[in-house]
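Next up, work.cif (mmCIF, C-alpha atoms and all ligand atoms):
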```
data_model
#
loop_
_atom_site.label_atom_id
_atom_site.label_comp_id
_atom_site.auth_asym_id
_atom_site.auth_seq_id
_atom_site.Cartn_x
_atom_site.Cartn_y
_atom_site.Cartn_z
CA MET G 9 1.44 6.99 -25.16
CA GLU G 10 -1.21 4.33 -24.85
CA ASN G 11 -4.21 6.07 -23.46
CA ARG G 12 -6.51 5.29 -20.57
CA LYS G 13 -9.29 4.06 -22.92
CA ASP G 14 -7.08 1.38 -24.52
CA SER G 15 -5.75 0.42 -21.17
CA GLU G 16 -9.20 0.08 -19.62
CA GLN G 17 -10.08 -2.79 -21.97
CA ARG G 18 -6.93 -4.74 -21.22
CA ARG G 19 -6.50 -7.08 -18.31
CA PHE G 20 -4.64 -6.32 -15.10
CA GLU G 21 -1.47 -8.28 -16.02
CA THR G 22 -1.26 -6.56 -19.41
CA ARG G 23 -1.77 -3.12 -17.92
CA ALA G 24 0.92 -3.80 -15.30
CA VAL G 25 3.47 -4.50 -18.02
CA HIS G 26 2.61 -1.80 -20.58
CA SER G 27 0.94 1.12 -18.84
CA GLY G 28 2.91 4.32 -18.58
CA GLU G 29 5.48 3.35 -21.18
CA GLY G 30 5.16 6.12 -23.72
CA ARG G 31 7.76 4.73 -26.10
CA VAL G 32 8.57 8.39 -26.50
CA GLY G 33 10.00 10.05 -29.55
CA SER G 34 8.85 11.75 -32.70
CA GLU G 35 8.04 9.69 -35.78
CA ALA G 36 11.42 10.78 -37.18
CA ASP G 37 13.23 9.51 -34.06
CA LYS G 38 11.41 6.21 -34.25
CA LYS G 39 13.02 5.50 -37.61
CA ASP G 40 16.34 5.07 -35.80
CA PHE G 41 15.46 3.81 -32.35
CA TYR G 42 13.38 4.62 -29.35
CA PRO G 43 13.48 3.27 -25.80
CA ILE G 44 10.93 0.61 -24.83
CA SER G 45 11.48 1.52 -21.17
CA THR G 46 11.03 5.16 -20.16
CA PRO G 47 14.52 6.53 -19.45
CA ILE G 48 15.58 7.99 -16.10
CA TYR G 49 15.31 11.74 -16.66
CA ALA G 50 17.94 12.95 -14.21
CA SER G 51 17.26 16.61 -14.81
CA THR G 52 15.95 19.28 -12.45
CA THR G 53 14.70 21.50 -15.25
CA PHE G 54 13.21 21.04 -18.69
CA ALA G 55 13.81 23.56 -21.46
CA HIS G 56 11.68 24.18 -24.53
CA PRO G 57 12.31 25.39 -28.09
CA ASP G 58 11.05 28.90 -27.28
CA ILE G 59 9.89 31.01 -24.32
CA GLU G 60 6.27 31.00 -25.56
CA THR G 61 6.15 27.22 -25.09
CA THR G 62 7.69 27.54 -21.64
CA ASP G 63 5.07 30.15 -20.83
CA ARG G 64 2.20 27.88 -21.90
CA ILE G 65 3.59 24.90 -19.98
CA LEU G 66 4.20 26.87 -16.79
CA GLY G 67 0.71 28.37 -17.15
CA GLY G 68 -0.83 24.91 -17.42
CA GLU G 69 -2.27 25.59 -20.89
CA GLU G 70 -0.15 22.85 -22.43
CA PRO G 71 1.05 19.57 -20.92
CA GLY G 72 4.78 19.43 -20.39
CA TYR G 73 7.58 19.62 -17.89
CA GLY G 74 9.26 22.67 -16.41
CA TYR G 75 10.78 21.99 -13.03
CA ALA G 76 11.25 18.55 -11.44
CA ARG G 77 9.38 19.26 -8.19
CA TRP G 78 6.28 19.81 -10.34
CA GLY G 79 6.78 16.87 -12.64
CA ASN G 80 9.30 14.56 -14.28
CA PRO G 81 8.68 12.19 -17.24
CA THR G 82 10.07 9.14 -15.38
CA VAL G 83 7.77 9.84 -12.44
CA SER G 84 4.80 10.43 -14.78
CA ALA G 85 5.35 7.04 -16.45
CA PHE G 86 5.18 5.32 -13.04
CA GLU G 87 2.08 7.34 -12.10
CA GLU G 88 0.33 6.48 -15.35
CA ALA G 89 0.95 2.78 -14.68
CA LEU G 90 -0.36 3.11 -11.11
CA ALA G 91 -3.53 4.84 -12.29
CA ALA G 92 -4.13 2.09 -14.86
CA LEU G 93 -3.97 -0.52 -12.08
CA GLU G 94 -5.70 1.32 -9.26
CA ASP G 95 -8.67 2.68 -11.19
CA PRO G 96 -8.63 1.75 -14.90
CA GLY G 97 -12.15 2.87 -15.66
CA GLY G 98 -12.44 5.78 -13.27
CA GLY G 99 -11.55 9.42 -13.37
CA SER G 100 -8.93 9.30 -10.65
CA ARG G 101 -5.22 10.10 -10.82
CA SER G 102 -2.26 8.56 -9.04
CA PHE G 103 0.64 10.51 -7.58
CA ALA G 104 4.01 9.10 -6.60
CA VAL G 105 5.73 10.55 -3.54
CA SER G 106 8.86 9.88 -1.51
CA SER G 107 7.39 7.43 1.06
CA GLY G 108 4.22 5.81 2.32
CA MET G 109 4.11 8.27 5.21
CA ALA G 110 4.45 11.22 2.81
CA ALA G 111 1.50 9.72 0.88
CA MET G 112 -0.59 9.53 4.07
CA HIS G 113 0.39 13.10 5.00
CA VAL G 114 -0.60 14.51 1.60
CA ALA G 115 -3.87 12.50 1.67
CA LEU G 116 -4.84 13.86 5.11
CA THR G 117 -3.89 17.41 4.08
CA ALA G 118 -5.91 17.13 0.85
CA ALA G 119 -8.92 16.04 2.96
CA GLU G 120 -8.62 19.51 4.58
CA LEU G 121 -7.74 18.18 7.97
CA GLY G 122 -7.03 21.54 9.61
CA SER G 123 -7.63 23.29 12.91
CA GLY G 124 -10.92 22.26 14.54
CA ALA G 125 -11.47 19.34 12.15
CA LYS G 126 -11.99 15.81 13.43
CA ALA G 127 -10.49 12.59 12.17
CA LEU G 128 -11.68 9.09 12.89
CA ALA G 129 -9.05 6.38 12.64
CA ALA G 130 -9.05 2.61 12.94
CA GLU G 131 -7.37 1.53 16.18
CA GLN G 132 -5.63 -1.20 14.15
CA LEU G 133 -3.73 1.38 12.02
CA TYR G 134 -0.03 1.29 11.19
CA GLY G 135 1.72 2.87 14.20
CA SER G 136 3.29 5.83 12.38
CA THR G 137 -0.09 6.76 10.88
CA SER G 138 -1.55 7.04 14.39
CA VAL G 139 1.47 9.10 15.50
CA LEU G 140 1.07 11.33 12.43
CA LEU G 141 -2.57 12.00 13.33
CA LEU G 142 -2.03 12.48 17.07
CA GLN G 143 1.24 14.42 17.06
CA ILE G 144 1.60 16.24 13.74
CA PHE G 145 -2.07 16.91 12.94
CA GLY G 146 -2.88 17.05 16.68
CA ALA G 147 -0.44 19.96 17.10
CA ALA G 148 -2.26 21.74 14.27
CA GLY G 149 -5.58 21.49 16.14
CA VAL G 150 -6.98 18.28 14.66
CA GLU G 151 -8.78 15.96 17.05
CA THR G 152 -8.49 12.24 16.33
CA GLU G 153 -10.69 9.53 17.76
CA PHE G 154 -10.19 5.83 17.24
CA PHE G 155 -12.68 3.10 16.44
CA ASP G 156 -12.80 -0.62 15.92
CA ALA G 157 -12.76 -0.92 12.12
CA TYR G 158 -14.50 -4.33 12.30
CA ASN G 159 -17.56 -3.15 14.17
CA LEU G 160 -19.91 -1.45 11.69
CA GLY G 161 -22.31 -0.36 14.43
CA GLU G 162 -19.54 1.50 16.24
CA ILE G 163 -18.32 3.11 13.00
CA GLU G 164 -21.79 4.33 12.14
CA GLU G 165 -22.39 5.74 15.60
CA LYS G 166 -19.03 7.58 15.71
CA VAL G 167 -19.21 8.91 12.14
CA ASN G 168 -22.73 10.25 12.66
CA ARG G 169 -21.88 11.79 16.03
CA LEU G 170 -18.49 13.33 15.15
CA LYS G 171 -19.02 14.15 11.45
CA PRO G 172 -15.28 13.71 10.89
CA ARG G 173 -13.54 15.36 7.97
CA ALA G 174 -11.60 12.16 7.33
CA VAL G 175 -11.98 8.47 8.22
CA VAL G 176 -8.79 6.42 7.95
CA ILE G 177 -8.71 2.63 7.62
CA GLU G 178 -6.48 -0.08 6.17
CA SER G 179 -7.69 -2.66 3.64
CA ILE G 180 -5.99 -5.50 5.56
CA SER G 181 -4.70 -4.87 9.08
CA ASN G 182 -1.39 -5.65 10.74
CA PRO G 183 -0.66 -8.17 12.22
CA LEU G 184 -4.04 -9.90 12.63
CA LEU G 185 -4.86 -9.52 8.92
CA ARG G 186 -8.42 -8.36 9.55
CA VAL G 187 -10.23 -7.43 6.32
CA ALA G 188 -12.20 -4.16 6.27
CA ASP G 189 -15.71 -4.06 4.81
CA ILE G 190 -14.95 -1.04 2.61
CA PRO G 191 -18.29 -0.92 0.72
CA SER G 192 -20.28 -0.77 3.99
CA ILE G 193 -17.89 1.75 5.59
CA ALA G 194 -17.99 3.89 2.41
CA GLU G 195 -21.77 4.06 2.57
CA ILE G 196 -21.55 5.43 6.13
CA THR G 197 -18.83 8.00 5.30
CA LYS G 198 -20.61 9.16 2.11
CA ASN G 199 -23.76 9.95 4.09
CA ALA G 200 -21.73 12.01 6.56
CA ASN G 201 -19.64 13.76 3.87
CA SER G 202 -16.42 12.41 5.34
CA ALA G 203 -13.45 11.54 3.15
CA LEU G 204 -12.70 7.82 3.36
CA ILE G 205 -8.93 7.26 3.18
CA VAL G 206 -7.83 3.65 2.69
CA ASP G 207 -4.24 2.51 3.18
CA ASN G 208 -4.10 -0.34 0.66
CA THR G 209 -0.45 -1.29 1.25
CA PHE G 210 -1.32 -4.86 2.34
CA GLY G 211 -3.97 -5.31 -0.35
CA THR G 212 -2.37 -3.79 -3.46
CA PRO G 213 -4.55 -3.15 -6.53
CA TYR G 214 -4.06 -6.82 -7.42
CA LEU G 215 -6.31 -7.90 -4.53
CA GLN G 216 -8.52 -4.86 -4.18
CA ARG G 217 -9.20 -1.44 -5.69
CA PRO G 218 -10.74 0.64 -2.88
CA LEU G 219 -11.74 3.54 -5.18
CA GLU G 220 -14.08 1.12 -6.99
CA LEU G 221 -15.53 0.11 -3.59
CA GLY G 222 -16.36 3.69 -2.61
CA ALA G 223 -13.17 5.02 -0.98
CA ASP G 224 -12.22 8.63 -1.72
CA ILE G 225 -8.43 8.48 -1.39
CA VAL G 226 -6.12 5.46 -1.56
CA VAL G 227 -2.65 5.46 -0.03
CA HIS G 228 0.19 2.98 -0.50
CA SER G 229 3.61 2.44 0.88
CA ALA G 230 5.11 1.51 -2.51
CA THR G 231 8.16 0.45 -0.47
CA LYS G 232 6.30 -2.83 0.05
CA TYR G 233 4.46 -4.88 -2.61
CA LEU G 234 4.24 -2.30 -5.41
CA ALA G 235 8.01 -1.98 -5.81
CA GLY G 236 8.39 -5.42 -4.25
CA HIS G 237 12.14 -5.98 -4.00
CA GLY G 238 13.09 -4.36 -0.70
CA ASP G 239 15.36 -1.84 -2.39
CA LEU G 240 13.60 1.53 -2.37
CA THR G 241 11.30 3.82 -0.37
CA ALA G 242 8.27 5.33 -2.11
CA GLY G 243 4.61 6.13 -1.65
CA VAL G 244 1.50 6.52 -3.76
CA VAL G 245 -1.71 8.42 -3.33
CA ALA G 246 -4.65 7.98 -5.73
CA ALA G 247 -7.88 9.98 -5.84
CA GLY G 248 -10.48 11.52 -8.10
CA PRO G 249 -12.03 15.02 -7.89
CA PRO G 250 -11.91 17.12 -5.80
CA TYR G 251 -8.99 15.51 -3.98
CA ASP G 252 -6.70 14.94 -6.97
CA ALA G 253 -6.27 18.65 -7.69
CA ALA G 254 -5.56 19.32 -4.00
CA ILE G 255 -3.00 16.52 -3.87
CA GLU G 256 -1.25 17.83 -6.98
CA GLN G 257 -1.12 21.36 -5.60
CA ILE G 258 0.09 20.29 -2.14
CA ARG G 259 2.71 17.93 -3.51
CA LYS G 260 4.08 20.60 -5.79
CA THR G 261 4.23 23.18 -3.01
CA VAL G 262 5.46 21.07 -0.10
CA GLY G 263 7.79 18.93 -2.20
CA TYR G 264 7.02 15.29 -1.36
CA THR G 265 8.86 14.56 -4.59
CA ILE G 266 10.06 11.07 -5.46
CA GLY G 267 13.39 11.00 -7.28
CA PRO G 268 13.52 9.75 -10.89
CA PHE G 269 15.76 6.80 -9.92
CA GLU G 270 13.28 5.51 -7.32
CA ALA G 271 10.34 6.11 -9.66
CA TRP G 272 12.06 4.14 -12.43
CA LEU G 273 12.91 1.25 -10.12
CA ALA G 274 9.42 1.20 -8.60
CA HIS G 275 7.87 1.19 -12.09
CA ARG G 276 10.13 -1.72 -13.03
CA GLY G 277 8.96 -3.59 -9.93
CA LEU G 278 5.30 -2.81 -10.62
CA LYS G 279 5.43 -4.69 -13.93
CA THR G 280 5.73 -8.01 -12.08
CA LEU G 281 3.20 -7.18 -9.34
CA PRO G 282 0.59 -9.66 -10.68
CA LEU G 283 3.17 -12.46 -11.02
CA ARG G 284 4.59 -11.83 -7.56
CA MET G 285 1.20 -11.50 -5.91
CA GLU G 286 -0.14 -14.65 -7.50
CA LYS G 287 2.88 -16.59 -6.25
CA GLN G 288 2.89 -14.93 -2.82
CA CYS G 289 -0.81 -15.63 -2.30
CA TRP G 290 -0.24 -19.26 -3.33
CA ASN G 291 2.77 -19.61 -1.02
CA ALA G 292 0.97 -17.94 1.90
CA ARG G 293 -1.89 -20.42 1.57
CA GLU G 294 0.62 -23.31 1.68
CA VAL G 295 2.46 -21.82 4.66
CA ALA G 296 -0.78 -21.14 6.57
CA SER G 297 -1.94 -24.71 6.13
CA ARG G 298 1.45 -26.14 7.15
CA LEU G 299 1.55 -23.94 10.25
CA GLU G 300 -2.02 -24.83 11.17
CA SER G 301 -1.14 -28.52 11.39
CA ASN G 302 2.09 -27.98 13.36
CA PRO G 303 1.75 -28.82 17.10
CA LYS G 304 4.26 -26.06 17.97
CA VAL G 305 1.87 -23.47 16.56
CA GLY G 306 -1.15 -22.04 18.35
CA ARG G 307 -3.51 -19.79 16.46
CA VAL G 308 -2.87 -18.96 12.78
CA HIS G 309 -4.16 -15.62 11.45
CA TYR G 310 -4.85 -15.76 7.71
CA PRO G 311 -8.06 -14.63 5.96
CA GLY G 312 -8.24 -17.91 4.00
CA LEU G 313 -8.74 -20.06 7.11
CA SER G 314 -12.29 -20.78 8.28
CA VAL G 315 -11.39 -19.68 11.86
CA HIS G 316 -10.62 -16.14 10.64
CA PRO G 317 -13.33 -13.68 11.73
CA ASP G 318 -13.59 -11.94 8.33
CA THR G 319 -13.87 -14.83 5.86
CA GLY G 320 -17.26 -13.55 4.64
CA VAL G 321 -16.00 -9.99 4.11
CA ALA G 322 -12.79 -11.28 2.49
CA GLU G 323 -14.80 -13.30 -0.05
CA ARG G 324 -16.60 -10.10 -1.07
CA VAL G 325 -13.83 -7.49 -1.08
CA ILE G 326 -10.50 -9.14 -1.93
CA SER G 327 -9.80 -11.37 -4.93
CA ASP G 328 -7.31 -13.59 -3.07
CA MET G 329 -6.16 -13.87 0.54
CA GLY G 330 -2.85 -11.99 0.33
CA GLY G 331 0.75 -12.86 1.08
CA LEU G 332 0.80 -12.37 4.85
CA VAL G 333 0.37 -14.96 7.57
CA SER G 334 0.66 -14.37 11.32
CA PHE G 335 0.73 -17.05 13.99
CA GLU G 336 1.16 -17.56 17.70
CA LEU G 337 3.62 -20.01 19.18
CA ALA G 338 1.91 -22.71 21.23
CA SER G 339 4.52 -22.22 23.96
CA GLY G 340 3.68 -18.49 24.13
CA GLY G 341 6.15 -15.84 25.29
CA LYS G 342 8.73 -13.48 23.91
CA GLU G 343 11.58 -15.88 24.71
CA ALA G 344 10.12 -18.57 22.45
CA ALA G 345 9.44 -15.98 19.74
CA PHE G 346 13.03 -14.73 19.86
CA ALA G 347 14.38 -18.32 19.79
CA PHE G 348 12.23 -18.97 16.72
CA MET G 349 13.40 -15.77 15.01
CA ASN G 350 17.06 -16.53 15.69
CA ALA G 351 16.71 -20.09 14.37
CA LEU G 352 15.49 -18.95 10.92
CA LYS G 353 18.01 -19.70 8.20
CA LEU G 354 16.19 -18.79 4.98
CA CYS G 355 13.44 -16.38 6.06
CA VAL G 356 14.86 -12.93 6.67
CA ARG G 357 14.37 -11.24 10.07
CA ALA G 358 13.30 -7.79 8.88
CA PRO G 359 10.50 -5.42 9.92
CA SER G 360 9.00 -4.88 6.49
CA LEU G 361 6.75 -6.74 4.06
CA GLY G 362 5.90 -7.27 0.43
CA ASP G 363 9.39 -8.24 -0.71
CA ILE G 364 10.33 -11.18 -2.90
CA TYR G 365 12.06 -12.67 0.15
CA THR G 366 10.05 -14.22 2.97
CA LEU G 367 10.34 -11.79 5.89
CA ALA G 368 9.62 -12.54 9.54
CA THR G 369 8.89 -9.93 12.22
CA HIS G 370 8.02 -10.00 15.89
CA PRO G 371 5.19 -7.39 16.04
CA ALA G 372 5.31 -6.92 19.84
CA THR G 373 8.88 -5.55 19.61
CA ALA G 374 8.63 -4.08 16.09
CA SER G 375 5.45 -2.51 14.66
CA HIS G 376 3.68 -2.43 18.05
CA ARG G 377 6.74 -1.70 20.21
CA GLU G 378 5.64 1.79 21.28
CA LEU G 379 2.33 0.60 22.73
CA PRO G 380 1.91 -0.22 26.44
CA PRO G 381 1.64 -4.02 26.95
CA SER G 382 -2.00 -3.72 28.07
CA ARG G 383 -2.91 -1.96 24.81
CA ARG G 384 -1.05 -4.58 22.76
CA GLU G 385 -2.94 -7.29 24.60
CA GLN G 386 -6.23 -5.51 23.83
CA LEU G 387 -5.36 -5.41 20.13
CA GLY G 388 -4.50 -9.11 20.22
CA VAL G 389 -0.79 -8.64 19.56
CA THR G 390 0.71 -11.26 21.86
CA GLU G 391 4.38 -11.68 22.85
CA GLY G 392 4.48 -15.04 21.11
CA MET G 393 3.18 -13.76 17.79
CA ILE G 394 5.19 -13.87 14.56
CA ARG G 395 4.21 -12.19 11.30
CA LEU G 396 5.39 -13.59 8.00
CA SER G 397 5.40 -11.75 4.70
CA VAL G 398 5.64 -14.74 2.42
CA GLY G 399 8.00 -14.32 -0.54
CA ILE G 400 8.33 -15.94 -3.95
CA GLU G 401 10.68 -18.78 -2.96
CA HIS G 402 9.60 -22.42 -3.35
CA PRO G 403 6.91 -23.02 -0.70
CA GLU G 404 8.60 -26.26 0.45
CA ASP G 405 11.79 -24.37 1.28
CA ILE G 406 9.87 -21.72 3.24
CA ALA G 407 7.88 -24.36 5.15
CA ALA G 408 11.02 -26.42 5.89
CA ASP G 409 12.78 -23.37 7.33
CA LEU G 410 9.77 -22.47 9.50
CA GLU G 411 9.44 -26.06 10.71
CA GLN G 412 13.10 -26.39 11.72
CA ALA G 413 12.91 -23.03 13.55
CA LEU G 414 9.71 -24.09 15.33
CA GLU G 415 11.60 -27.08 16.70
CA LYS G 416 13.89 -24.60 18.49
CA ALA G 417 11.14 -22.30 19.79
C1 LIG G 501 5.20 0.61 5.68
C2 LIG G 501 3.83 1.11 5.82
C3 LIG G 501 3.55 2.49 5.80
C4 LIG G 501 4.64 3.53 5.72
O1 LIG G 501 5.33 3.48 4.51
P1 LIG G 501 6.83 4.04 4.31
O2 LIG G 501 7.08 3.77 2.86
O3 LIG G 501 7.72 3.29 5.23
O4 LIG G 501 6.78 5.49 4.63
C5 LIG G 501 2.23 2.90 5.88
N1 LIG G 501 1.23 2.01 6.02
C6 LIG G 501 1.45 0.67 6.03
C7 LIG G 501 0.30 -0.26 6.17
C8 LIG G 501 2.76 0.19 5.95
O5 LIG G 501 2.98 -1.13 5.99
#
```
In structure tokens, how does this file's structure come out?
Ligand SMILES: *Cc1c(COP(=O)(O)O)cnc(C)c1O
Amino acid sequence: MENRKDSEQRRFETRAVHSGEGRVGSEADKKDFYPISTPIYASTTFAHPDIETTDRILGGEEPGYGYARWGNPTVSAFEEALAALEDPGGGSRSFAVSSGMAAMHVALTAAELGSGAKALAAEQLYGSTSVLLLQIFGAAGVETEFFDAYNLGEIEEKVNRLKPRAVVIESISNPLLRVADIPSIAEITKNANSALIVDNTFGTPYLQRPLELGADIVVHSATKYLAGHGDLTAGVVAAGPPYDAAIEQIRKTVGYTIGPFEAWLAHRGLKTLPLRMEKQCWNAREVASRLESNPKVGRVHYPGLSVHPDTGVAERVISDMGGLVSFELASGGKEAAFAFMNALKLCVRAPSLGDIYTLATHPATASHRELPPSRREQLGVTEGMIRLSVGIEHPEDIAADLEQALEKA
């Protein structure tokens, strides 16, 4: 297995392709053949040559596999690759789980968010994360307060007053694509001894590595960019001490296990993350500029445009501007938005992101559906807003489809 030291010196693209692939087998096996891609170990249990070995492995004295809820070689290969991308030089570990929400749940639990503890969460968070905090952790006696993640003064005041156990933010928000100033927020949370949890689903380690910027725990929905092909559900949580040991223990006990098939497919997708992201960032820039000059379009939300409120932060904390673009129809309204959505021929109407296909969603009736209209308005999610997750198609084809649909909006 190529170790972390080798991997640290190699570049991101190289690590994405090779990390985690053990090219397993004894020297004797290698004389015949050995797999260059870690096989799918579809086995619930792993046996050993003798009971003494089993005893040492189960006791944690020797690395190895015993029972699949505790570990599986296909899952480990994926996790090794994730760790090499998320934190190549650091002492953190990555854990694969069954979904992005499972990853958030294990992260919050590892931060010891129990009865009487307080959590502080960005009001721009993914809807299910807010529900998780308010309903699931709320029922267990956790009190959650919300804050504007783009107002450092407010963050500082609330963190110092509440001394929360955990502070939860997203690297890039949905659907306005606001960019969080993680280094400044991390300084505030470190002083208050709060765990800073960053959902980096929109950023991916290609654009940003929050652990290097001072975050304590990073969460991903691997369903999106990491796997990248819209064909599996998975999550990732990455952290260093003391959280990594807690995450490992909780995952093993609660059973957030990802299956070996999903882990294998996600690992396969991860190998092309840099290629996909480079292309998606390029395409998103093209699409944003085409939309900006279209008279049917009102405001365009994209961190690479000078009108975006976080251009300065974006320059500092993300290496490129990402693959998402949101915009408002000049004619406003839900009716126009629906007419636009129905007129799309190439772009897929689907409430997800990060796939190779360009996906279009209507946030007011999808991700922000559960919110009262007044709250949506407050967050800037208008009825005439469309969010695009730009894919890897030719940018001219994407732009042409958007332009013909805009004619019908
Ligand atoms: C999709 C998503 C999640 C949830 O991930 P699942 O894999 O669907 O459980 C969490 N956070 C963000 C930002 C997401 O986009």
- Task: Could you pull out the residues sitting within 8 Å of ligand LIG 501 (chain G), using all atoms listed in the file, and write them as a list in words?
- Result: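 The residues within 8 Å of ligand LIG 501 (chain G), counting all atoms listed in the file, are Ser106, Ser107, Gly108, Met109, Ala110, Ala111, Met112, Leu133, Tyr134, Ser136, Thr137, Glu178, Ser181, Asn182, Asp207, Asn208, Thr209, Phe210, Val227, His228, Ser229, Ala230, Thr231, Lys232, Thr241, Ala242, Gly243, Ser360 and Leu361 of chain G.
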Tell me, counting all atoms listed in the file, for each residue of stretch 176-282 of chain G within 12 Å of stretch 296-315 of chain G, which pair of atoms is nearest and how far apart they are in Å to one decimal, in rows ordered by chain and increasing number, as JSON lines.
```
{"residue": "G:Ile180", "atom": "CA", "partner": "G:Pro311", "partner_atom": "CA", "distance": 9.4}
{"residue": "G:Ser181", "atom": "CA", "partner": "G:Pro311", "partner_atom": "CA", "distance": 10.8}
{"residue": "G:Asn182", "atom": "CA", "partner": "G:His309", "partner_atom": "CA", "distance": 10.4}
{"residue": "G:Pro183", "atom": "CA", "partner": "G:His309", "partner_atom": "CA", "distance": 8.3}
{"residue": "G:Leu184", "atom": "CA", "partner": "G:His309", "partner_atom": "CA", "distance": 5.8}
{"residue": "G:Leu185", "atom": "CA", "partner": "G:Tyr310", "partner_atom": "CA", "distance": 6.4}
{"residue": "G:Arg186", "atom": "CA", "partner": "G:Pro311", "partner_atom": "CA", "distance": 7.2}
{"residue": "G:Val187", "atom": "CA", "partner": "G:Pro311", "partner_atom": "CA", "distance": 7.5}
{"residue": "G:Ala188", "atom": "CA", "partner": "G:Pro311", "partner_atom": "CA", "distance": 11.3}
{"residue": "G:Gly211", "atom": "CA", "partner": "G:Pro311", "partner_atom": "CA", "distance": 12.0}
```
Hey, which bits of stretch 325-402 of chain G sit within 9 Å of stretch 279-284 of chain G, and for each residue what's the closest pair of atoms and how far apart in Å (one decimal), counting only C-alpha atoms, rows by chain and increasing number, as JSON lines?
```
{"residue": "G:Ile364", "atom": "CA", "partner": "G:Arg284", "partner_atom": "CA", "distance": 7.4}
{"residue": "G:Gly399", "atom": "CA", "partner": "G:Arg284", "partner_atom": "CA", "distance": 8.2}
{"residue": "G:Ile400", "atom": "CA", "partner": "G:Arg284", "partner_atom": "CA", "distance": 6.6}
```
- Atomic separation - atom CA of G:Tyr233 relative to atom CA of G:Gly330, Å: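 Computing it gives 10.6 Å between the two atoms.
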Within 10 Å of G:Arg357, counting all atoms listed in the file, which residues show up once you throw out same-chain ones fewer than 3 positions away? Write them as a JSON list (two decimals) with C-alpha atoms, keeping the file's coordinate frame, please.
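Final file, out.json:
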```
[["chain", "number", "residue", "atom", "x", "y", "z"],
["G", 349, "MET", "CA", 13.40, -15.77, 15.01],
["G", 350, "ASN", "CA", 17.06, -16.53, 15.69],
["G", 352, "LEU", "CA", 15.49, -18.95, 10.92],
["G", 353, "LYS", "CA", 18.01, -19.70, 8.20],
["G", 354, "LEU", "CA", 16.19, -18.79, 4.98],
["G", 360, "SER", "CA", 9.00, -4.88, 6.49],
["G", 366, "THR", "CA", 10.05, -14.22, 2.97],
["G", 367, "LEU", "CA", 10.34, -11.79, 5.89],
["G", 368, "ALA", "CA", 9.62, -12.54, 9.54],
["G", 369, "THR", "CA", 8.89, -9.93, 12.22],
["G", 370, "HIS", "CA", 8.02, -10.00, 15.89],
["G", 396, "LEU", "CA", 5.39, -13.59, 8.00]]
```
- Item | From G:Ile196, G:Ala345, G:Ala91, G:Ala85, residue lying nearest G:Arg169 [all atoms listed in the file] |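 Distance minimum relative to G:Arg169 lands on G:Ile196.
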- For G:Val389, which residue among G:Gln132, G:Arg276, G:Glu411, G:Ile266 is the nearest when counting only C-alpha atoms?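 Using only C-alpha atoms, G:Val389 sits closest to G:Gln132.
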- Can you work out which one of G:Ala92, G:Ala413, G:Ala157, G:Ala129 has the shortest atom-to-atom distance to G:Leu141, counting only C-alpha atoms? G:Ala129
List as a compact mmCIF listing (two decimals) with C-alpha atoms, in the coordinates of the input the protein and nucleic acid residues near G:Leu273, meaning an atom at most 10 Å away when only C-alpha atoms are counted, but skip any in the same chain fewer than 2 places from it.
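Final output, saved to around-v3.txt:
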```txt
# COMPACT_ATOMS: atom_id res chain seq x y z
CA ILE G 48 15.58 7.99 -16.10
CA THR G 82 10.07 9.14 -15.38
CA PHE G 86 5.18 5.32 -13.04
CA ALA G 235 8.01 -1.98 -5.81
CA GLY G 236 8.39 -5.42 -4.25
CA HIS G 237 12.14 -5.98 -4.00
CA ASP G 239 15.36 -1.84 -2.39
CA LEU G 240 13.60 1.53 -2.37
CA PRO G 268 13.52 9.75 -10.89
CA PHE G 269 15.76 6.80 -9.92
CA GLU G 270 13.28 5.51 -7.32
CA ALA G 271 10.34 6.11 -9.66
CA HIS G 275 7.87 1.19 -12.09
CA ARG G 276 10.13 -1.72 -13.03
CA GLY G 277 8.96 -3.59 -9.93
CA LEU G 278 5.30 -2.81 -10.62
```
- Task: Work out how far apart atom CA of G:Arg377 and atom CA of G:Ala358 are and give it in Å to one decimal.
- Result: 14.4 Å
- Test item: residues at most 12 Å from G:Trp78, only C-alpha atoms, excluding those fewer than 3 positions along its chain, as a PyMOL selection string: chain G and resi 52-54+65-66+68+71-75+81+83-84+103-105+255-267
